[in-house]
$ cat final.cif   # mmCIF, C-alpha atoms
data_entry
loop_
_atom_site.label_atom_id
_atom_site.label_comp_id
_atom_site.auth_asym_id
_atom_site.auth_seq_id
_atom_site.Cartn_x
_atom_site.Cartn_y
_atom_site.Cartn_z
CA MET N 1 112.81 115.44 112.28
CA ARG N 2 115.70 116.10 109.90
CA ARG N 3 118.15 114.36 112.24
CA ILE N 4 115.95 111.27 112.44
CA SER N 5 115.49 111.14 108.67
CA GLY N 6 119.24 111.64 108.16
CA PHE N 7 120.07 108.84 110.59
CA LEU N 8 117.56 106.49 108.93
CA ALA N 9 118.90 107.35 105.46
CA ILE N 10 122.53 106.63 106.46
CA LEU N 11 121.49 103.41 108.21
CA GLY N 12 119.48 102.33 105.16
CA LEU N 13 122.36 103.08 102.79
CA LEU N 14 124.80 101.12 104.97
CA VAL N 15 122.51 98.08 105.06
CA ALA N 16 121.94 98.36 101.28
CA ALA N 17 125.71 98.62 100.60
CA LEU N 18 126.44 95.60 102.81
CA MET N 19 123.75 93.59 101.02
CA VAL N 20 125.05 94.63 97.58
CA PHE N 21 128.63 93.66 98.53
CA PHE N 22 128.08 90.50 100.56
CA TYR N 23 124.52 89.15 100.15
CA ALA N 24 123.58 89.62 96.50
CA PRO N 25 125.00 86.86 94.29
CA ILE N 26 127.51 87.68 91.55
CA GLU N 27 125.92 87.39 88.13
CA LYS N 28 127.54 84.75 85.88
CA THR N 29 128.08 86.67 82.63
CA MET N 30 128.74 90.24 83.84
CA GLY N 31 130.41 89.46 87.15
CA ILE N 32 130.60 92.10 89.89
CA SER N 33 129.83 94.95 87.44
CA GLN N 34 126.21 93.80 87.30
CA LYS N 35 125.88 95.11 90.88
CA ILE N 36 125.83 98.68 89.51
CA PHE N 37 122.22 97.85 88.75
CA TYR N 38 121.12 98.13 92.42
CA PHE N 39 122.11 101.83 92.66
CA HIS N 40 121.07 102.56 89.09
CA VAL N 41 117.49 101.25 89.47
CA SER N 42 117.11 102.77 92.96
CA SER N 43 118.19 106.20 91.66
CA ALA N 44 115.78 105.91 88.74
CA TRP N 45 112.93 105.07 91.12
CA VAL N 46 113.74 108.07 93.34
CA GLY N 47 113.98 110.30 90.26
CA PHE N 48 110.49 109.24 89.18
CA LEU N 49 109.16 109.69 92.72
CA ALA N 50 110.68 113.16 92.97
CA PHE N 51 109.14 114.27 89.66
CA PHE N 52 105.80 112.83 90.78
CA VAL N 53 105.99 114.95 93.96
CA THR N 54 106.75 118.00 91.77
CA PHE N 55 103.79 117.11 89.52
CA VAL N 56 101.31 116.78 92.42
CA SER N 57 102.67 119.87 94.22
CA SER N 58 102.38 121.90 91.01
CA ILE N 59 98.72 120.91 90.64
CA VAL N 60 98.11 121.84 94.31
CA TYR N 61 99.84 125.21 93.76
CA LEU N 62 97.73 126.01 90.69
CA THR N 63 94.50 125.16 92.50
CA LYS N 64 95.20 126.51 96.01
CA ARG N 65 98.13 128.94 95.51
CA THR N 66 99.84 127.81 98.74
CA GLU N 67 103.50 128.80 98.96
CA GLY N 68 104.36 125.49 100.63
CA SER N 69 103.32 123.47 97.60
CA ASP N 70 105.44 125.70 95.34
CA ARG N 71 108.47 125.18 97.59
CA LEU N 72 107.86 121.43 97.69
CA ALA N 73 107.66 121.31 93.88
CA ALA N 74 110.95 123.19 93.51
CA SER N 75 112.73 121.12 96.18
CA SER N 76 111.61 117.84 94.70
CA ALA N 77 112.51 118.83 91.13
CA GLU N 78 116.11 119.55 92.14
CA LEU N 79 116.35 116.19 93.89
CA GLY N 80 114.84 114.46 90.86
CA LEU N 81 117.54 116.04 88.75
CA VAL N 82 120.29 114.88 91.14
CA PHE N 83 119.06 111.28 91.12
CA THR N 84 118.49 111.28 87.35
CA THR N 85 122.10 112.48 87.01
CA ILE N 86 123.16 109.41 89.01
CA VAL N 87 121.09 107.27 86.61
CA LEU N 88 122.80 108.89 83.61
CA VAL N 89 126.26 108.43 85.15
CA THR N 90 125.92 104.82 86.36
CA GLY N 91 123.93 103.66 83.29
CA PRO N 92 126.69 104.23 80.71
CA ILE N 93 129.25 102.49 82.98
CA TRP N 94 126.97 99.45 83.07
CA GLY N 95 126.32 99.86 79.33
CA LYS N 96 130.04 99.85 78.51
CA MET N 97 130.34 96.50 80.26
CA ALA N 98 127.13 94.98 78.88
CA TRP N 99 126.93 96.47 75.37
CA GLY N 100 130.51 97.58 74.75
CA ALA N 101 129.40 101.21 74.31
CA TRP N 102 129.04 104.10 76.76
CA TRP N 103 125.96 105.45 75.02
CA THR N 104 123.44 104.41 72.37
CA TRP N 105 120.40 106.38 71.21
CA ASP N 106 118.15 103.69 72.63
CA PRO N 107 114.55 104.80 73.49
CA ARG N 108 115.10 104.36 77.26
CA LEU N 109 118.37 106.29 77.27
CA THR N 110 117.10 109.04 74.99
CA THR N 111 113.84 109.62 76.90
CA THR N 112 115.80 109.71 80.19
CA LEU N 113 118.17 112.31 78.76
CA ILE N 114 115.16 114.39 77.61
CA LEU N 115 113.74 114.09 81.14
CA TRP N 116 117.01 115.40 82.59
CA PHE N 117 117.03 118.39 80.23
CA MET N 118 113.38 119.21 80.96
CA TYR N 119 113.92 119.40 84.72
CA ALA N 120 117.20 121.26 84.25
CA ALA N 121 115.15 123.81 82.26
CA TYR N 122 112.57 123.85 85.08
CA LEU N 123 115.26 124.79 87.60
CA VAL N 124 116.73 127.45 85.33
CA LEU N 125 113.22 128.88 85.00
CA ARG N 126 112.90 129.06 88.77
CA SER N 127 116.24 130.68 89.48
CA GLY N 128 116.16 134.21 90.76
CA VAL N 129 113.42 135.83 92.77
CA ALA N 130 110.21 133.77 92.83
CA THR N 131 107.52 136.10 91.55
CA GLU N 132 103.90 134.97 91.27
CA ALA N 133 104.03 134.71 87.47
CA ARG N 134 107.21 132.66 87.61
CA ARG N 135 105.68 130.31 90.17
CA VAL N 136 102.61 129.76 88.01
CA PHE N 137 104.72 129.19 84.89
CA SER N 138 106.96 126.75 86.80
CA ALA N 139 103.92 124.84 88.06
CA VAL N 140 102.57 124.49 84.50
CA PHE N 141 106.02 123.42 83.31
CA GLY N 142 106.27 120.91 86.21
CA ILE N 143 103.01 119.31 85.14
CA ILE N 144 103.89 119.16 81.42
CA ALA N 145 107.42 117.80 82.06
CA PHE N 146 106.00 114.91 84.08
CA ILE N 147 104.46 113.50 80.88
CA ASP N 148 107.94 112.16 80.05
CA VAL N 149 108.11 109.99 83.21
CA PRO N 150 105.58 107.34 82.08
CA ILE N 151 107.15 107.50 78.61
CA VAL N 152 110.58 106.70 80.12
CA PHE N 153 109.07 103.85 82.13
CA MET N 154 107.13 102.37 79.22
CA SER N 155 109.79 102.99 76.54
CA ILE N 156 111.32 99.50 76.99
CA ARG N 157 107.87 97.96 76.60
CA TRP N 158 106.58 100.08 73.70
CA TRP N 159 109.67 100.14 71.47
CA ARG N 160 112.41 97.75 70.41
CA THR N 161 115.27 98.36 72.83
CA ILE N 162 118.48 96.81 74.16
CA HIS N 163 117.79 98.05 77.70
CA PRO N 164 116.93 95.14 80.04
CA VAL N 165 113.38 94.78 81.41
CA VAL N 166 113.65 93.92 85.10
CA VAL N 167 110.05 94.31 86.26
CA ARG N 168 107.55 92.32 84.22
CA ALA N 169 103.82 91.75 84.72
CA SER N 170 104.74 88.28 86.04
CA GLY N 171 107.20 89.71 88.60
CA PHE N 172 110.97 90.27 88.87
CA ASP N 173 113.13 88.50 86.30
CA MET N 174 116.05 87.59 88.65
CA GLU N 175 117.22 85.56 91.65
CA PRO N 176 115.28 86.02 94.94
CA GLU N 177 118.42 87.33 96.73
CA MET N 178 118.81 89.93 94.01
CA VAL N 179 115.16 90.99 94.41
CA VAL N 180 115.56 91.41 98.19
CA THR N 181 118.78 93.45 97.73
CA LEU N 182 117.11 95.62 95.10
CA LEU N 183 114.08 96.28 97.34
CA VAL N 184 116.32 97.19 100.32
CA SER N 185 118.36 99.48 98.07
CA VAL N 186 115.19 101.16 96.74
CA ALA N 187 113.95 101.66 100.34
CA ALA N 188 117.32 103.16 101.38
CA PHE N 189 117.36 105.58 98.46
CA THR N 190 113.75 106.55 99.23
CA LEU N 191 114.77 107.36 102.83
CA LEU N 192 117.64 109.45 101.48
CA PHE N 193 115.20 111.29 99.22
CA VAL N 194 112.87 112.04 102.14
CA HIS N 195 115.80 113.40 104.18
CA TYR N 196 117.06 115.57 101.32
CA LEU N 197 113.52 116.80 100.68
CA LEU N 198 113.14 117.97 104.29
CA VAL N 199 116.48 119.80 104.12
CA LYS N 200 115.71 121.34 100.70
CA TYR N 201 112.26 122.46 101.85
CA ASP N 202 113.82 124.32 104.79
CA LEU N 203 116.33 125.84 102.41
CA GLU N 204 113.58 127.07 100.07
CA ASP N 205 111.71 128.46 103.07
CA LEU N 206 114.77 130.41 104.26
CA SER N 207 115.44 131.65 100.75
CA SER N 208 111.90 132.97 100.30
CA ARG N 209 111.97 134.66 103.75
CA LEU N 210 115.21 136.36 102.77
CA ASP N 211 113.75 137.51 99.43
CA GLU N 212 110.66 138.92 101.15
CA LEU N 213 112.70 140.79 103.74
CA GLN N 214 115.04 142.21 101.09
CA MET N 215 112.06 143.34 98.98
CA LYS N 216 110.52 145.08 102.01
CA MET N 217 113.79 146.85 102.62
CA GLY N 218 113.81 148.00 99.02
CA GLY N 219 116.33 145.75 97.37
CA MET L 220 139.22 98.51 84.96
CA ASN L 221 136.63 97.64 87.55
CA TYR L 222 133.38 99.18 86.33
CA PHE L 223 131.58 98.52 89.59
CA ALA L 224 134.24 100.39 91.60
CA ALA L 225 134.07 103.30 89.13
CA ALA L 226 130.26 103.53 89.35
CA TYR L 227 130.27 103.18 93.13
CA THR L 228 132.93 105.89 93.53
CA LEU L 229 131.04 108.27 91.23
CA LEU L 230 127.83 107.64 93.15
CA LEU L 231 129.54 108.43 96.44
CA VAL L 232 131.22 111.53 95.02
CA LEU L 233 127.90 112.85 93.67
CA LEU L 234 126.00 112.21 96.91
CA VAL L 235 128.72 113.68 99.13
CA ALA L 236 129.14 116.73 96.85
CA TYR L 237 125.38 117.39 96.85
CA THR L 238 125.17 116.97 100.64
CA ILE L 239 128.03 119.46 101.16
CA TYR L 240 126.41 121.91 98.69
CA VAL L 241 123.02 121.78 100.46
CA ARG L 242 124.51 122.04 103.97
CA GLN L 243 126.72 124.95 102.96
CA LYS L 244 123.80 126.76 101.33
CA LEU L 245 121.70 126.25 104.47
CA VAL L 246 124.42 127.73 106.69
CA ASP L 247 124.96 130.61 104.27
CA LEU L 248 121.23 131.45 104.05
CA LYS L 249 120.84 131.35 107.84
CA LYS L 250 123.72 133.80 108.24
CA ARG L 251 122.37 136.12 105.52
CA LEU L 252 118.88 136.04 107.02
CA GLU L 253 120.24 136.92 110.47
CA LEU L 254 122.18 139.80 108.96
CA VAL L 255 119.25 141.16 106.94
CA GLU L 256 116.93 140.84 109.96
CA ALA L 257 119.41 142.80 112.09
CA ILE L 258 119.63 145.54 109.44
CA ALA L 259 115.82 145.67 109.18
CA LYS L 260 115.54 146.07 112.96
CA GLU L 261 118.12 148.83 112.96
CA LYS L 262 116.24 150.69 110.21
CA GLU L 263 113.01 150.46 112.23
CA LEU L 264 114.79 151.90 115.26
#
$ encode --input "final.cif" --output "structure tokens"
Amino acid sequence: MRRISGFLAILGLLVAALMVFFYAPIEKTMGISQKIFYFHVSSAWVGFLAFFVTFVSSIVYLTKRTEGSDRLAASSAELGLVFTTIVLVTGPIWGKMAWGAWWTWDPRLTTTLILWFMYAAYLVLRSGVATEARRVFSAVFGIIAFIDVPIVFMSIRWWRTIHPVVVRASGFDMEPEMVVTLLVSVAAFTLLFVHYLLVKYDLEDLSSRLDELQMKMGG
Amino acid sequence: MNYFAAAYTLLLVLLVAYTIYVRQKLVDLKKRLELVEAIAKEKEL
């Protein structure tokens, strides 16, 4: 399963990279640097998806207390943090080109940074041996932290901001070739997320088996 | 400076670094689990 998902993820990323380089048109004002956008938006989407998985898994854990849902929540939160890091790295590079500044305290940028810190705190909270109390507390934290995701998404619609709005109620505000490349890139990053999630889940499973065995042995 | 090349390189570096970290941790945990299981069996004997 993991091999298939890994193969599909690599294939998807290759197709997405080829489309970004050779198929997507070069934007007139920003030139080739505008193409950062394809990886930036795709990473943001995967970050949101990952935190949503953590949110749902946390609810499932609090209601059913299944260890699998706790592991899924933890695995997905780490991946969300990785992809949000990509967003926070690629965004300022694009911003330097578009706005002439690496960082501004714009609502979209600020809420994304808060999101990153909240899930970093979630992972710090989870580190060490996963006791029942810690799992419950993490699940509650995973649900509360998710509140920031819709705020990040809506921030460019609710407040005055310099961040571009790509997806409008009327559709995508760009060339059709750009839309196709973006959708392929989003699909490729989603496949990569699924692959990483399967690997991380196995890792969490191994880690908890090791903890249990060590506890039984008395340390 | 080509901003696109910089962003693309950083993206690749981050993804490759994370993949290596996860793979290495998986290998390490498997080895530790095997070791702990062997010790547990020995204690039972």
$ atom_distance --input "final.cif" --atom1 "atom CA of N:Gly142" --atom2 "atom CA of N:Phe55"
5.6 Å
$ atom_distance --input "final.cif" --atom1 "atom CA of N:Leu192" --atom2 "atom CA of L:Tyr240"
15.5 Å
$ atom_distance --input "final.cif" --atom1 "atom CA of N:Ser127" --atom2 "atom CA of N:Arg65"
19.2 Å
$ residues_near_point --input "final.cif" --point "(123.0, 112.8, 90.7)" --cutoff "10 Å" --atoms "only C-alpha atoms" --output "ChimeraX atom specification"
/N:43,47,78-90 /L:229-234,236-237
$ interface_residues --input "final.cif" --of "chain L" --to "chain N" --cutoff "6 Å" --atoms "only C-alpha atoms" --output "list in words"
Tyr222, Phe223, Ala226, Leu245 and Leu252 of chain L
$ write_last_selection --input "final.cif" --atoms "C-alpha atoms" --output "PDB file, keeping the file's coordinate frame"
ATOM      1  CA  TYR L 222     133.380  99.180  86.330  1.00  0.00           C
ATOM      2  CA  PHE L 223     131.580  98.520  89.590  1.00  0.00           C
ATOM      3  CA  ALA L 226     130.260 103.530  89.350  1.00  0.00           C
ATOM      4  CA  LEU L 245     121.700 126.250 104.470  1.00  0.00           C
ATOM      5  CA  LEU L 252     118.880 136.040 107.020  1.00  0.00           C
TER       6      LEU L 252
END
$ closest_atom_pairs --input "final.cif" --of "stretch 30-148 of chain N" --to "stretch 153-177 of chain N" --cutoff "7 Å" --atoms "only C-alpha atoms" --output "JSON lines"
{"residue": "N:Asp106", "atom": "CA", "partner": "N:Thr161", "partner_atom": "CA", "distance": 6.1}
{"residue": "N:Pro107", "atom": "CA", "partner": "N:Ser155", "partner_atom": "CA", "distance": 5.9}
{"residue": "N:Arg108", "atom": "CA", "partner": "N:Ser155", "partner_atom": "CA", "distance": 5.5}
$ resolve_selection --input "final.cif" --expression "the PyMOL selection byres ((chain L and resi 257-260) around 12)" --output "CSV table (one decimal) with C-alpha atoms, keeping the file's coordinate frame"
chain,number,residue,atom,x,y,z
N,210,LEU,CA,115.2,136.4,102.8
N,212,GLU,CA,110.7,138.9,101.2
N,213,LEU,CA,112.7,140.8,103.7
N,214,GLN,CA,115.0,142.2,101.1
N,215,MET,CA,112.1,143.3,99.0
N,216,LYS,CA,110.5,145.1,102.0
N,217,MET,CA,113.8,146.8,102.6
N,218,GLY,CA,113.8,148.0,99.0
N,219,GLY,CA,116.3,145.8,97.4
L,250,LYS,CA,123.7,133.8,108.2
L,251,ARG,CA,122.4,136.1,105.5
L,252,LEU,CA,118.9,136.0,107.0
L,253,GLU,CA,120.2,136.9,110.5
L,254,LEU,CA,122.2,139.8,109.0
L,255,VAL,CA,119.2,141.2,106.9
L,256,GLU,CA,116.9,140.8,110.0
L,261,GLU,CA,118.1,148.8,113.0
L,262,LYS,CA,116.2,150.7,110.2
L,263,GLU,CA,113.0,150.5,112.2
L,264,LEU,CA,114.8,151.9,115.3
$ closest_residue --input "final.cif" --among "N:Leu198, N:Leu11, N:Val60, N:Met19" --to "N:Met178" --atoms "all atoms listed in the file"
N:Met19
$ residues_around --input "final.cif" --residues "N:Phe51" --least-positions-apart "5" --cutoff "7 Å" --atoms "only C-alpha atoms" --output "list in words"
Ser76, Ala77, Gly80 and Phe146 of chain N
$ residues_around --input "final.cif" --residues "N:Val194" --least-positions-apart "4" --cutoff "12 Å" --atoms "all atoms listed in the file" --output "MDAnalysis selection string"
chainID N and resid 1:10 46 49:50 53 72 75:76 79:80 187:190 198:201
$ residues_around --input "final.cif" --residues "N:Arg135" --least-positions-apart "4" --cutoff "8 Å" --atoms "all atoms listed in the file" --output "ChimeraX atom specification"
/N:70,126,130-131,139
$ resolve_selection --input "final.cif" --expression "the PyMOL selection byres ((chain N and resi 136) around 12)" --output "PyMOL selection string"
chain N and resi 57-67+69-70+73-74+122+125-126+130-135+137-143
$ axis_aligned_box --input "final.cif" --around "stretch 227-230 of chain L" --padding-each-side "3 Å" --output "JSON"
{"center_x": 130.4, "center_y": 105.7, "center_z": 92.4, "size_x": 11.1, "size_y": 11.1, "size_z": 8.3}
